[in-house]
>>> print(open('run_28.txt').read())   # compact mmCIF, C-alpha atoms (C1' of nucleotides)
# COMPACT_ATOMS: atom_id res chain seq x y z
CA MET V 167 -3.48 40.10 2.62
CA VAL V 168 -2.17 37.01 0.99
CA ARG V 169 -1.37 35.23 4.19
CA PRO V 170 1.74 33.25 3.49
CA GLU V 171 0.27 29.79 3.51
CA ARG V 172 1.49 27.45 6.14
CA THR V 173 4.00 24.86 5.14
CA PHE V 174 5.17 21.62 6.66
CA THR V 175 8.34 19.65 6.85
CA ILE V 176 8.39 15.99 6.04
CA SER V 177 8.58 14.89 9.63
CA GLU V 178 5.78 17.20 10.69
CA LEU V 179 3.45 15.61 8.21
CA ALA V 180 4.75 12.19 9.08
CA ARG V 181 4.00 12.74 12.74
CA GLU V 182 0.60 14.22 12.08
CA PHE V 183 -0.57 11.32 9.97
CA LYS V 184 1.45 8.63 11.63
CA VAL V 185 3.37 7.60 8.61
CA THR V 186 7.10 7.52 8.19
CA PRO V 187 9.07 10.08 6.21
CA ARG V 188 10.10 7.17 4.09
CA ALA V 189 6.49 6.59 3.16
CA LEU V 190 6.05 10.22 2.13
CA ARG V 191 9.12 10.04 -0.07
CA PHE V 192 7.78 6.84 -1.48
CA TYR V 193 4.50 8.50 -2.39
CA GLU V 194 6.45 11.23 -4.08
CA ASP V 195 8.45 8.66 -5.96
CA LYS V 196 5.22 7.19 -7.17
CA GLY V 197 3.95 10.56 -8.27
CA LEU V 198 1.31 10.97 -5.59
CA LEU V 199 2.86 14.03 -4.03
CA ALA V 200 5.06 16.77 -5.39
CA PRO V 201 6.13 19.14 -2.67
CA GLN V 202 8.24 22.20 -3.34
CA ARG V 203 11.85 22.25 -2.38
CA ASP V 204 13.94 24.54 -0.28
CA GLY V 205 17.28 23.49 -1.54
CA LEU V 206 17.06 19.77 -1.10
CA ASN V 207 14.51 19.82 1.65
CA ARG V 208 10.89 19.12 0.91
CA VAL V 209 8.40 21.81 1.73
CA TYR V 210 4.80 20.66 1.87
CA SER V 211 2.03 23.15 1.25
CA GLY V 212 -1.54 22.99 2.46
CA ARG V 213 -2.51 21.52 -0.88
CA ASP V 214 0.13 18.86 -0.52
CA ARG V 215 -1.28 18.08 2.85
CA ALA V 216 -4.76 17.83 1.39
CA ARG V 217 -3.50 15.46 -1.27
CA LEU V 218 -1.91 13.36 1.40
CA VAL V 219 -5.23 13.18 3.18
CA LEU V 220 -6.79 11.85 0.01
CA VAL V 221 -3.99 9.36 -0.43
CA LEU V 222 -4.53 8.04 3.06
CA LYS V 223 -8.26 7.90 2.64
CA GLY V 224 -7.79 5.94 -0.52
CA LYS V 225 -5.46 3.60 1.25
CA SER V 226 -7.93 3.14 4.06
CA VAL V 227 -10.46 1.71 1.68
CA GLY V 228 -7.86 -0.47 0.09
CA LEU V 229 -7.18 1.36 -3.12
CA PRO V 230 -3.71 0.63 -4.46
CA LEU V 231 -1.44 3.63 -4.77
CA VAL V 232 -1.48 3.56 -8.55
CA GLU V 233 -5.21 3.99 -8.64
CA ILE V 234 -5.10 6.73 -6.09
CA LYS V 235 -2.61 8.43 -8.33
CA GLU V 236 -4.91 8.15 -11.30
CA LEU V 237 -7.66 9.83 -9.36
CA LEU V 238 -5.39 12.59 -8.18
CA ASP V 239 -4.09 13.17 -11.66
CA LEU V 240 -7.58 13.42 -13.01
CA TYR V 241 -8.48 15.79 -10.27
CA ASN V 242 -5.84 18.16 -11.53
CA ALA V 243 -6.50 17.73 -15.19
CA ASP V 244 -10.22 18.21 -14.87
CA GLU V 245 -11.01 21.58 -13.46
CA GLN V 246 -14.71 20.94 -13.52
CA HIS V 247 -14.06 17.78 -11.54
CA ARG V 248 -16.73 16.16 -13.63
CA ALA V 249 -14.75 13.36 -15.18
CA GLN V 250 -12.85 13.09 -11.95
CA ASN V 251 -16.01 12.47 -10.03
CA GLU V 252 -17.23 9.93 -12.49
CA ALA V 253 -13.95 8.11 -12.44
CA ALA V 254 -13.83 8.16 -8.68
CA LEU V 255 -17.36 6.91 -8.51
CA LYS V 256 -16.49 4.04 -10.77
CA LYS V 257 -13.42 3.08 -8.81
CA PHE V 258 -15.31 3.34 -5.58
CA ARG V 259 -18.01 1.05 -6.81
CA GLU V 260 -15.48 -1.45 -8.02
CA ARG V 261 -13.72 -1.32 -4.72
CA LEU V 262 -17.00 -1.74 -2.92
CA VAL V 263 -17.79 -4.86 -4.86
CA ALA V 264 -14.33 -6.24 -4.18
CA LEU V 265 -14.61 -5.46 -0.51
CA GLU V 266 -17.98 -7.07 -0.20
CA GLU V 267 -16.59 -10.14 -1.85
CA GLN V 268 -13.68 -10.13 0.53
CA ARG V 269 -16.04 -9.82 3.42
CA HIS V 270 -17.97 -12.76 2.12
CA ASP V 271 -14.83 -14.84 1.82
CA ILE V 272 -13.77 -13.89 5.29
CA GLU V 273 -17.13 -14.78 6.67
CA GLY V 274 -16.83 -18.15 5.03
CA ALA V 275 -13.43 -18.64 6.56
CA ILE V 276 -14.76 -17.54 9.93
CA ASP V 277 -17.52 -20.11 9.75
CA ALA V 278 -15.08 -22.80 8.74
CA LEU V 279 -12.83 -21.90 11.62
CA LYS V 280 -15.63 -21.83 14.14
CA ASP V 281 -16.61 -25.22 12.92
CA GLY V 282 -13.09 -26.54 13.27
CA ILE V 283 -12.78 -25.03 16.70
CA ALA V 284 -15.97 -26.65 17.83
CA ARG V 285 -14.79 -30.03 16.63
CA LEU V 286 -11.44 -29.69 18.30
CA GLU V 287 -13.01 -28.61 21.54
CA GLN V 288 -15.21 -31.63 21.48
CA VAL V 289 -12.36 -33.99 20.78
CA LEU V 290 -10.32 -32.49 23.56
CA ALA V 291 -13.21 -32.61 25.95
CA GLU V 292 -13.68 -36.28 25.27
CA LYS V 293 -10.05 -37.06 25.74
CA ALA V 294 -9.76 -34.92 28.83
CA PRO V 295 -10.65 -37.63 31.36
CA ALA V 296 -7.76 -39.77 30.26
CA ALA V 297 -5.23 -36.98 30.64
CA THR V 298 -1.92 -37.59 28.93
CA ILE V 299 1.46 -37.17 30.50
CA SER V 300 2.11 -34.13 28.37
CA ALA V 301 -1.08 -32.59 29.63
CA ALA V 302 -0.03 -33.27 33.17
CA ARG V 303 3.30 -31.65 32.50
CA ALA V 304 1.63 -28.67 30.96
CA TYR V 305 -0.48 -28.37 34.06
CA GLU V 306 2.59 -28.49 36.26
CA ARG V 307 4.33 -25.80 34.26
CA GLU V 308 1.30 -23.63 34.40
CA ALA V 309 0.97 -24.10 38.14
CA ARG V 310 4.58 -23.13 38.66
CA ARG V 311 4.16 -20.11 36.45
CA ARG V 312 1.24 -18.87 38.48
CA LEU V 313 3.12 -19.36 41.70
CA ALA V 314 6.05 -17.45 40.27
CA GLU V 315 3.78 -14.59 39.31
CA ALA V 316 2.27 -14.29 42.74
CA MET B 261 -5.57 -58.41 0.78
CA VAL B 262 -3.36 -55.41 0.98
CA ARG B 263 -4.88 -53.62 -1.92
CA PRO B 264 -2.07 -51.67 -3.49
CA GLU B 265 -3.08 -48.20 -2.47
CA ARG B 266 -3.93 -45.83 -5.23
CA THR B 267 -1.37 -43.28 -6.22
CA PHE B 268 -1.48 -40.03 -8.12
CA THR B 269 0.75 -38.11 -10.42
CA ILE B 270 1.45 -34.48 -9.87
CA SER B 271 -0.87 -33.30 -12.59
CA GLU B 272 -3.69 -35.54 -11.46
CA LEU B 273 -3.62 -33.98 -8.05
CA ALA B 274 -3.19 -30.57 -9.57
CA ARG B 275 -6.26 -31.00 -11.72
CA GLU B 276 -8.33 -32.43 -8.94
CA PHE B 277 -7.66 -29.55 -6.59
CA LYS B 278 -7.25 -26.86 -9.17
CA VAL B 279 -3.76 -25.93 -8.28
CA THR B 280 -0.75 -25.93 -10.55
CA PRO B 281 1.95 -28.56 -10.42
CA ARG B 282 4.24 -25.73 -9.59
CA ALA B 283 2.25 -25.12 -6.45
CA LEU B 284 2.56 -28.75 -5.41
CA ARG B 285 6.30 -28.66 -5.91
CA PHE B 286 6.36 -25.46 -3.97
CA TYR B 287 4.56 -27.06 -1.05
CA GLU B 288 7.06 -29.87 -1.15
CA ASP B 289 9.88 -27.37 -1.15
CA LYS B 290 8.38 -25.85 1.94
CA GLY B 291 8.12 -29.23 3.61
CA LEU B 292 4.35 -29.54 3.47
CA LEU B 293 4.35 -32.60 1.27
CA ALA B 294 6.82 -35.40 0.76
CA PRO B 295 5.67 -37.76 -1.97
CA GLN B 296 7.59 -40.85 -2.94
CA ARG B 297 9.57 -40.96 -6.12
CA ASP B 298 9.57 -43.20 -9.10
CA GLY B 299 12.92 -42.26 -10.44
CA LEU B 300 12.58 -38.55 -10.57
CA ASN B 301 8.83 -38.47 -10.83
CA ARG B 302 6.72 -37.73 -7.83
CA VAL B 303 4.25 -40.35 -6.74
CA TYR B 304 1.57 -39.15 -4.36
CA SER B 305 -0.11 -41.61 -2.02
CA GLY B 306 -3.53 -41.36 -0.47
CA ARG B 307 -1.92 -39.95 2.64
CA ASP B 308 -0.19 -37.31 0.59
CA ARG B 309 -3.49 -36.44 -0.90
CA ALA B 310 -5.02 -36.16 2.55
CA ARG B 311 -2.23 -33.86 3.62
CA LEU B 312 -2.84 -31.74 0.58
CA VAL B 313 -6.47 -31.45 1.55
CA LEU B 314 -5.40 -30.14 4.93
CA VAL B 315 -3.00 -27.73 3.34
CA LEU B 316 -5.74 -26.33 1.16
CA LYS B 317 -8.16 -26.10 4.03
CA GLY B 318 -5.59 -24.21 6.00
CA LYS B 319 -5.06 -21.88 3.10
CA SER B 320 -8.76 -21.32 2.74
CA VAL B 321 -8.93 -19.87 6.22
CA GLY B 322 -5.88 -17.77 5.58
CA LEU B 323 -3.25 -19.69 7.45
CA PRO B 324 0.21 -19.06 6.05
CA LEU B 325 2.01 -22.11 4.72
CA VAL B 326 4.57 -22.07 7.49
CA GLU B 327 1.90 -22.43 10.12
CA ILE B 328 0.17 -25.15 8.21
CA LYS B 329 3.46 -26.94 8.13
CA GLU B 330 3.82 -26.65 11.88
CA LEU B 331 0.45 -28.23 12.36
CA LEU B 332 1.20 -31.03 9.95
CA ASP B 333 4.53 -31.69 11.60
CA LEU B 334 2.89 -31.87 14.96
CA TYR B 335 0.30 -34.18 13.61
CA ASN B 336 3.01 -36.65 12.72
CA ALA B 337 5.05 -36.26 15.86
CA ASP B 338 2.10 -36.62 18.14
CA GLU B 339 0.46 -39.95 17.71
CA GLN B 340 -2.14 -39.19 20.31
CA HIS B 341 -2.98 -36.05 18.39
CA ARG B 342 -3.42 -34.41 21.72
CA ALA B 343 -0.82 -31.68 21.46
CA GLN B 344 -1.67 -31.40 17.82
CA ASN B 345 -5.25 -30.66 18.59
CA GLU B 346 -4.36 -28.15 21.20
CA ALA B 347 -1.96 -26.40 18.90
CA ALA B 348 -4.45 -26.38 16.09
CA LEU B 349 -7.10 -25.04 18.39
CA LYS B 350 -4.84 -22.22 19.42
CA LYS B 351 -3.92 -21.32 15.87
CA PHE B 352 -7.54 -21.48 14.82
CA ARG B 353 -8.58 -19.16 17.57
CA GLU B 354 -5.86 -16.72 16.70
CA ARG B 355 -6.84 -16.84 13.10
CA LEU B 356 -10.45 -16.32 14.05
CA VAL B 357 -9.59 -13.19 15.97
CA ALA B 358 -7.52 -11.90 13.09
CA LEU B 359 -10.27 -12.62 10.61
CA GLU B 360 -12.87 -10.92 12.71
CA GLU B 361 -10.66 -7.91 12.93
CA GLN B 362 -10.18 -7.96 9.19
CA ARG B 363 -13.88 -8.16 8.72
CA HIS B 364 -14.31 -5.19 10.97
CA ASP B 365 -11.77 -3.19 8.99
CA ILE B 366 -13.42 -4.14 5.77
CA GLU B 367 -16.79 -3.15 7.05
CA GLY B 368 -15.35 0.21 7.99
CA ALA B 369 -13.94 0.60 4.52
CA ILE B 370 -17.25 -0.44 3.02
CA ASP B 371 -19.06 2.20 5.01
CA ALA B 372 -16.54 4.82 4.03
CA LEU B 373 -16.91 3.87 0.40
CA LYS B 374 -20.66 3.91 0.50
CA ASP B 375 -20.46 7.32 2.02
CA GLY B 376 -18.10 8.52 -0.68
CA ILE B 377 -20.27 7.04 -3.37
CA ALA B 378 -23.33 8.76 -1.99
CA ARG B 379 -21.56 12.10 -1.99
CA LEU B 380 -20.30 11.66 -5.51
CA GLU B 381 -23.70 10.66 -6.75
CA GLN B 382 -25.18 13.73 -5.23
CA VAL B 383 -22.57 16.00 -6.72
CA LEU B 384 -23.06 14.44 -10.12
CA ALA B 385 -26.81 14.67 -9.82
CA GLU B 386 -26.60 18.36 -9.08
CA LYS B 387 -24.34 18.97 -11.99
CA ALA B 388 -26.46 16.79 -14.22
CA PRO B 389 -28.75 19.56 -15.52
CA ALA B 390 -25.76 21.01 -17.28
CA ALA B 391 -25.07 17.67 -18.85
CA THR B 392 -21.71 17.25 -20.43
CA ILE B 393 -21.15 15.71 -23.80
CA SER B 394 -19.71 12.62 -22.24
CA ALA B 395 -22.80 12.20 -20.11
CA ALA B 396 -25.01 12.55 -23.12
CA ARG B 397 -22.98 9.92 -24.90
CA ALA B 398 -23.20 7.64 -21.95
CA TYR B 399 -26.94 8.07 -21.97
CA GLU B 400 -27.07 7.22 -25.62
CA ARG B 401 -25.03 4.12 -25.15
CA GLU B 402 -27.20 3.03 -22.30
CA ALA B 403 -30.32 3.62 -24.30
CA ARG B 404 -29.01 1.57 -27.18
CA ARG B 405 -28.00 -1.19 -24.84
CA ARG B 406 -31.45 -1.42 -23.39
CA LEU B 407 -32.99 -1.50 -26.80
CA ALA B 408 -30.62 -4.24 -27.80
CA GLU B 409 -31.57 -6.28 -24.76
CA ALA B 410 -35.28 -6.05 -25.49
C1' DC M 166 34.88 25.13 15.74
C1' DG M 167 32.69 20.70 16.55
C1' DT M 168 28.46 18.30 17.21
C1' DT M 169 23.87 17.17 17.11
C1' DT M 170 19.56 17.19 14.39
C1' DA M 171 17.05 17.01 10.42
C1' DC M 172 17.19 16.11 5.88
C1' DC M 173 18.78 14.12 1.47
C1' DT M 174 19.66 10.34 -2.33
C1' DG M 175 20.38 5.84 -3.94
C1' DA M 176 20.00 1.09 -3.51
C1' DC M 177 19.26 -3.29 -1.68
C1' DG M 178 16.08 -6.17 1.45
C1' DC M 179 11.76 -8.16 2.71
C1' DT M 180 7.39 -11.04 2.64
C1' DA M 181 4.12 -14.69 0.25
C1' DA M 182 3.12 -17.70 -2.92
C1' DC M 183 3.87 -18.99 -6.59
C1' DG M 184 4.77 -17.80 -12.26
C1' DT M 185 7.86 -18.30 -15.81
C1' DC M 186 11.75 -19.82 -18.30
C1' DA M 187 15.62 -22.58 -19.55
C1' DA M 188 17.36 -26.84 -20.49
C1' DC M 189 16.85 -31.39 -20.15
C1' DG M 190 14.99 -36.58 -19.49
C1' DT M 191 11.49 -40.25 -20.73
C1' DC M 192 8.24 -42.77 -22.90
C1' DA M 193 4.38 -44.14 -25.95
C1' DA M 194 2.21 -43.21 -30.39
C1' DG M 195 2.36 -42.43 -35.19
C1' DC K 139 12.72 -41.39 -35.94
C1' DT K 140 10.28 -37.74 -34.36
C1' DT K 141 6.88 -35.58 -32.12
C1' DG K 142 4.22 -34.55 -28.16
C1' DA K 143 2.85 -35.08 -23.56
C1' DC K 144 4.47 -35.23 -19.20
C1' DG K 145 7.94 -34.92 -15.91
C1' DT K 146 12.29 -32.92 -13.70
C1' DT K 147 15.54 -29.18 -11.42
C1' DG K 148 17.27 -24.69 -10.64
C1' DA K 149 16.91 -19.90 -10.65
C1' DC K 150 15.22 -15.47 -11.45
C1' DG K 151 10.81 -12.46 -11.75
C1' DT K 152 6.58 -10.63 -9.83
C1' DT K 153 3.57 -7.54 -6.72
C1' DA K 154 3.03 -3.72 -2.86
C1' DG K 155 4.62 -0.84 0.15
C1' DC K 156 7.57 0.44 2.33
C1' DG K 157 12.11 -0.70 5.92
C1' DT K 158 16.76 -0.24 6.38
C1' DC K 159 21.03 0.81 5.58
C1' DA K 160 25.19 3.71 3.75
C1' DG K 161 27.11 7.86 2.90
C1' DG K 162 26.60 12.88 2.42
C1' DT K 163 24.65 17.85 3.13
C1' DA K 164 23.17 21.83 5.73
C1' DA K 165 21.75 24.57 9.43
C1' DA K 166 21.60 25.51 14.28
C1' DC K 167 23.44 25.22 18.91
C1' DG K 168 26.93 25.85 22.49
>>> encode(input="run_28.txt", output="structure tokens")
Amino acid sequence: MVRPERTFTISELAREFKVTPRALRFYEDKGLLAPQRDGLNRVYSGRDRARLVLVLKGKSVGLPLVEIKELLDLYNADEQHRAQNEAALKKFRERLVALEEQRHDIEGAIDALKDGIARLEQVLAEKAPAATISAARAYEREARRRLAEA
Amino acid sequence: MVRPERTFTISELAREFKVTPRALRFYEDKGLLAPQRDGLNRVYSGRDRARLVLVLKGKSVGLPLVEIKELLDLYNADEQHRAQNEAALKKFRERLVALEEQRHDIEGAIDALKDGIARLEQVLAEKAPAATISAARAYEREARRRLAEA
DNA sequence: CGTTTACCTGACGCTAACGTCAACGTCAAG
DNA sequence: CTTGACGTTGACGTTAGCGTCAGGTAAACG
């Protein structure tokens, strides 16, 4: 019983993984997927679907499509998956380092922003007593808006 | 004594802030800077320099140039700096939220990667007994490297 | 038979922040 | 005089990952 493996249309897969058909065609263009054809129409197999899962996982950790492709290619070429695993491991580690650096940068930016926010809040608090005309106007607008909402 | 304020050439500023002259011209193109001219040559004043500092600070927290421009424009228009401060505060807060979300995403990706790395390491460790030629070579290289270091 | 519906293939557009190149001007030093 | 350093203005190129047409095919429905 060679159960005739399930297949998928482009929009089925698109729906399932919340990507657009355009994206799937794009991945194909880039050599990440290679579905069969029924005439012109793409027919995705279970393996294609699995590959797509890997593509999306790669994307989720920020790997560029070209690198994902490399991994997928290796995966095919290397039946033992040995070199593939080593390569993946290497890429993953590199990505990890890059991500941790990014996180560090972002944390720096966050600190800088919090600092700036604190300063601004202080300045505004000091100025608050001597409210400007524009502030008064803003208050008026806001008041009207709330009345309108009610 | 109106000490003739110091001025800067494009490459001076570029060197000082480690940006390219091209970048400075680009900022000007985008309306972020507006240095005087001596003939065709740009002449940056102290105020221009100060603006540049703000531009770079904005960049460092990930604000797009267009938004930095908005803030700078406001800064000029609003002598009391009141609206400017409020606007900046708003943008900063938005940016902060965005950055914290980014950090969250990155942390998710980092976890996913660490997970993947752990799996791969395990797989490779299991396969290790039946070491491949490439692994043996890698070991050799590593061994030589350590010897060389000592 | 006509009309949706789903699918296809190009091919150009878009965003951000510059890089790069061409072609030229200007000025001091050798 | 010529060379080199520095400056200028366009204008096109780059990177990633698709979005968005335009224009056409093919099958299924009523």
>>> residues_around(input="run_28.txt", residues="stretch 150-155 of chain K", least_positions_apart="5", cutoff="9 Å", atoms="all atoms listed in the file", output="CSV table (one decimal) with C-alpha atoms (C1' of nucleotides), in the coordinates of the input")
chain,number,residue,atom,x,y,z
V,189,ALA,CA,6.5,6.6,3.2
V,192,PHE,CA,7.8,6.8,-1.5
V,230,PRO,CA,-3.7,0.6,-4.5
V,231,LEU,CA,-1.4,3.6,-4.8
M,184,DG,C1',4.8,-17.8,-12.3
M,185,DT,C1',7.9,-18.3,-15.8
M,186,DC,C1',11.8,-19.8,-18.3
>>> interface_residues(input="run_28.txt", of="chain B", to="chain V", cutoff="8 Å", atoms="only C-alpha atoms", output="list in words")
Ser320, Val321, Gly322, Arg342, Ala343, Asn345, Glu346, Leu349, Phe352, Arg353, Arg355, Leu356, Leu359, Glu360, Gln362, Arg363, Ile366, Glu367, Ala369, Ile370, Ala372, Leu373, Lys374, Gly376, Ile377, Leu380, Glu381 and Leu384 of chain B
>>> atom_distance(input="run_28.txt", atom1="atom CA of B:Gln296", atom2="atom C1' of M:DA188")
24.5 Å
>>> residues_around(input="run_28.txt", residues="M:DC189", least_positions_apart="2", cutoff="12 Å", atoms="only C-alpha atoms (C1' of nucleotides)", output="PyMOL selection string")
(chain M and resi 187+191) or (chain K and resi 145-148)
>>> calpha_fit_and_write(input="run_28.txt", fixed="chain V", moving="chain B", output="short mmCIF file (atom, residue, chain, number, x, y, z; two decimals) with C-alpha atoms, in the frame of the given file")
data_model
loop_
_atom_site.label_atom_id
_atom_site.label_comp_id
_atom_site.auth_asym_id
_atom_site.auth_seq_id
_atom_site.Cartn_x
_atom_site.Cartn_y
_atom_site.Cartn_z
CA MET B 261 -2.53 39.78 3.96
CA VAL B 262 -1.33 36.78 2.11
CA ARG B 263 -0.22 34.89 5.13
CA PRO B 264 2.75 32.85 4.02
CA GLU B 265 1.19 29.44 4.03
CA ARG B 266 2.62 26.96 6.44
CA THR B 267 4.96 24.36 5.12
CA PHE B 268 6.20 21.03 6.39
CA THR B 269 9.33 19.01 6.20
CA ILE B 270 9.26 15.40 5.23
CA SER B 271 9.72 14.13 8.74
CA GLU B 272 7.08 16.43 10.16
CA LEU B 273 4.52 15.01 7.82
CA ALA B 274 5.83 11.54 8.43
CA ARG B 275 5.42 11.90 12.16
CA GLU B 276 2.02 13.46 11.90
CA PHE B 277 0.60 10.67 9.79
CA LYS B 278 2.71 7.87 11.13
CA VAL B 279 4.32 6.96 7.90
CA THR B 280 8.01 6.84 7.15
CA PRO B 281 9.79 9.46 5.09
CA ARG B 282 10.59 6.65 2.77
CA ALA B 283 6.90 6.18 2.17
CA LEU B 284 6.45 9.84 1.33
CA ARG B 285 9.30 9.71 -1.15
CA PHE B 286 7.77 6.59 -2.55
CA TYR B 287 4.45 8.32 -3.09
CA GLU B 288 6.28 11.10 -4.84
CA ASP B 289 8.06 8.59 -7.01
CA LYS B 290 4.70 7.20 -7.96
CA GLY B 291 3.39 10.65 -8.80
CA LEU B 292 1.01 10.98 -5.87
CA LEU B 293 2.77 13.95 -4.35
CA ALA B 294 4.88 16.71 -5.81
CA PRO B 295 6.25 18.96 -3.09
CA GLN B 296 8.35 22.00 -3.82
CA ARG B 297 12.04 21.97 -3.20
CA ASP B 298 14.35 24.09 -1.18
CA GLY B 299 17.54 23.07 -2.83
CA LEU B 300 17.29 19.36 -2.57
CA ASN B 301 15.00 19.29 0.42
CA ARG B 302 11.33 18.69 0.00
CA VAL B 303 8.97 21.37 1.19
CA TYR B 304 5.37 20.28 1.60
CA SER B 305 2.59 22.85 1.36
CA GLY B 306 -0.84 22.68 2.89
CA ARG B 307 -2.15 21.39 -0.40
CA ASP B 308 0.43 18.66 -0.40
CA ARG B 309 -0.66 17.75 3.04
CA ALA B 310 -4.27 17.62 1.90
CA ARG B 311 -3.30 15.35 -0.95
CA LEU B 312 -1.50 13.11 1.48
CA VAL B 313 -4.64 12.88 3.55
CA LEU B 314 -6.51 11.70 0.49
CA VAL B 315 -3.82 9.21 -0.31
CA LEU B 316 -4.04 7.75 3.15
CA LYS B 317 -7.80 7.65 3.06
CA GLY B 318 -7.64 5.82 -0.21
CA LYS B 319 -5.20 3.37 1.26
CA SER B 320 -7.40 2.83 4.27
CA VAL B 321 -10.17 1.52 2.06
CA GLY B 322 -7.75 -0.63 0.15
CA LEU B 323 -7.34 1.35 -3.02
CA PRO B 324 -4.02 0.64 -4.70
CA LEU B 325 -1.73 3.62 -5.10
CA VAL B 326 -2.11 3.67 -8.86
CA GLU B 327 -5.84 4.16 -8.58
CA ILE B 328 -5.46 6.81 -5.97
CA LYS B 329 -3.16 8.57 -8.34
CA GLU B 330 -5.74 8.43 -11.10
CA LEU B 331 -8.27 10.05 -8.85
CA LEU B 332 -5.87 12.75 -7.76
CA ASP B 333 -4.88 13.45 -11.34
CA LEU B 334 -8.48 13.78 -12.33
CA TYR B 335 -9.10 16.05 -9.44
CA ASN B 336 -6.56 18.46 -10.83
CA ALA B 337 -7.57 18.18 -14.45
CA ASP B 338 -11.22 18.66 -13.74
CA GLU B 339 -11.87 21.98 -12.15
CA GLN B 340 -15.56 21.34 -11.94
CA HIS B 341 -14.79 18.13 -10.10
CA ARG B 342 -17.63 16.63 -12.01
CA ALA B 343 -15.81 13.87 -13.85
CA GLN B 344 -13.66 13.45 -10.81
CA ASN B 345 -16.63 12.77 -8.65
CA GLU B 346 -18.08 10.36 -11.10
CA ALA B 347 -14.83 8.50 -11.41
CA ALA B 348 -14.37 8.39 -7.69
CA LEU B 349 -17.90 7.16 -7.25
CA LYS B 350 -17.27 4.37 -9.69
CA LYS B 351 -14.03 3.32 -8.05
CA PHE B 352 -15.64 3.46 -4.63
CA ARG B 353 -18.46 1.26 -5.72
CA GLU B 354 -16.10 -1.23 -7.24
CA ARG B 355 -14.05 -1.25 -4.12
CA LEU B 356 -17.16 -1.70 -2.05
CA VAL B 357 -18.14 -4.76 -4.04
CA ALA B 358 -14.66 -6.18 -3.71
CA LEU B 359 -14.60 -5.54 0.01
CA GLU B 360 -17.95 -7.14 0.53
CA GLU B 361 -16.76 -10.15 -1.34
CA GLN B 362 -13.63 -10.25 0.78
CA ARG B 363 -15.72 -10.05 3.87
CA HIS B 364 -17.80 -12.92 2.64
CA ASP B 365 -14.70 -15.02 2.00
CA ILE B 366 -13.35 -14.19 5.39
CA GLU B 367 -16.57 -15.10 7.05
CA GLY B 368 -16.44 -18.43 5.27
CA ALA B 369 -12.92 -18.97 6.50
CA ILE B 370 -13.95 -17.97 10.00
CA ASP B 371 -16.73 -20.51 9.98
CA ALA B 372 -14.42 -23.19 8.69
CA LEU B 373 -11.91 -22.38 11.39
CA LYS B 374 -14.47 -22.39 14.13
CA ASP B 375 -15.60 -25.74 12.90
CA GLY B 376 -12.05 -27.06 12.89
CA ILE B 377 -11.42 -25.68 16.33
CA ALA B 378 -14.54 -27.32 17.68
CA ARG B 379 -13.48 -30.67 16.28
CA LEU B 380 -10.00 -30.38 17.67
CA GLU B 381 -11.29 -29.40 21.06
CA GLN B 382 -13.51 -32.40 21.10
CA VAL B 383 -10.75 -34.75 20.08
CA LEU B 384 -8.47 -33.32 22.73
CA ALA B 385 -11.18 -33.51 25.34
CA GLU B 386 -11.73 -37.17 24.61
CA LYS B 387 -8.07 -37.91 24.83
CA ALA B 388 -7.73 -35.81 27.94
CA PRO B 389 -8.37 -38.61 30.46
CA ALA B 390 -5.12 -40.15 29.35
CA ALA B 391 -3.37 -36.88 29.94
CA THR B 392 0.05 -36.55 28.47
CA ILE B 393 3.00 -35.15 30.32
CA SER B 394 2.89 -32.01 28.27
CA ALA B 395 -0.74 -31.49 29.19
CA ALA B 396 0.04 -31.94 32.83
CA ARG B 397 2.81 -29.40 32.54
CA ALA B 398 0.54 -27.00 30.80
CA TYR B 399 -1.94 -27.41 33.61
CA GLU B 400 0.74 -26.70 36.14
CA ARG B 401 1.84 -23.60 34.37
CA GLU B 402 -1.69 -22.38 34.13
CA ALA B 403 -2.28 -23.03 37.78
CA ARG B 404 0.82 -21.11 38.75
CA ARG B 405 -0.17 -18.26 36.50
CA ARG B 406 -3.53 -17.95 38.13
CA LEU B 407 -1.99 -17.99 41.54
CA ALA B 408 0.42 -15.31 40.49
CA GLU B 409 -2.41 -13.15 39.23
CA ALA B 410 -4.33 -13.38 42.49
#
>>> closest_atom_pairs(input="run_28.txt", of="chain M", to="chain B", cutoff="9 Å", atoms="all atoms listed in the file", output="tab-separated table")
residue	atom	partner	partner_atom	distance
M:DA181	C1'	B:Pro324	CA	8.2
M:DA182	C1'	B:Ala283	CA	8.3
M:DC183	C1'	B:Ala283	CA	6.3
M:DG184	C1'	B:Arg282	CA	8.4
>>> interface_residues(input="run_28.txt", of="chain B", to="chain K", cutoff="9 Å", atoms="all atoms listed in the file", output="ChimeraX atom specification")
/B:270-271,300-302
>>> closest_residue(input="run_28.txt", among="B:Tyr304, B:Ala347, B:Leu323, B:Phe277", to="B:Glu265", atoms="all atoms listed in the file")
B:Tyr304
>>> atom_distance(input="run_28.txt", atom1="atom CA of B:Glu276", atom2="atom CA of B:Glu330")
24.8 Å
>>> atom_distance(input="run_28.txt", atom1="atom CA of V:Leu238", atom2="atom CA of V:Arg203")
20.6 Å
>>> residues_around(input="run_28.txt", residues="V:Arg215", least_positions_apart="5", cutoff="10 Å", atoms="only C-alpha atoms (C1' of nucleotides)", output="PyMOL selection string")
chain V and resi 173-174+179+183+199+201+210+220-221
